[in-house]
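Worksheet for the structure shown next.
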Amino acid sequence: MALRKETGGYADPAPATFYNERRDCAVRALSAAAALDYSAAHALCKAAGRKDREGMCSLHMDYAVVAASPKAERALGARGRSLSRFVVGHPSGCYVVLVTGHYVAIIDSVVYDWRIGSGRRRVKRAWRLA
């Protein structure tokens, strides 16, 4: 199955106040999935433990996702699946998904990511936002 991918909004440059930000895929994925602006998602991730210009571990993402959406829950049965199988198994809803070394957002079966990768990447953890 070919994944439907979008980069619009997700790949846009960070606001000027975050001009030197990098390794921010977690911020962008949370922003897209929770329908927040970049600044709000950045503040949630920072409050959860993410340091500026550094990546974010899944434990900190647990806190950030719950802060963004209090009824959020971890998607069961996600670990070890390929990204394309995850999309097939979860056709609707908003998700933040950790694949090997990278976060993406999935909204109603559309993968939001700044790069065009393959659907064969393995899911490590996923959260469904309410």
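Every chain in the structure tokens has a letter given in the order shown (A, B, ...), and although residue numbers restart at 1 in each chain, ligands are simply numbered from 1 in the order shown.
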All helix (DSSP H, G or I) residues (DSSP, backbone) inside chain A, as a VMD selection string: chain A and resid 16 to 18 25 to 34 38 to 48 58 to 68 83 to 89
Shell around A:Ala78 at 7 Å using only C-alpha atoms, local window under 3 positions removed, as a VMD selection string: chain A and resid 75 81 86 123 125 to 126
Distance query stretch 32-46 of chain A at most 10 Å, only C-alpha atoms, self and fewer than 5 positions along chain excluded, as a ChimeraX atom specification: /A:9-10,13-15,17-18,24,26-27,51-52,56,60-69,93-97,104-107,112-113,127-130
Backbone DSSP call of strand (DSSP E) for stretch 61-126 of chain A, listed as a VMD selection string: chain A and resid 73 to 74 94 to 99 102 to 107 110 to 112 123 to 126
Point-to-point distance in Å for atom CA of A:Arg50 and atom CA of A:Thr100: 17.9 Å
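Minimum atom-to-atom distances from A:Leu59, A:His102, A:Arg122, A:Arg115 to A:Gly80 were compared using only C-alpha atoms, and the lowest value belongs to A:Arg122.
One distance worth recording is that between atom CA of A:Ala47 and atom CA of A:Val99, which is 22.6 Å.
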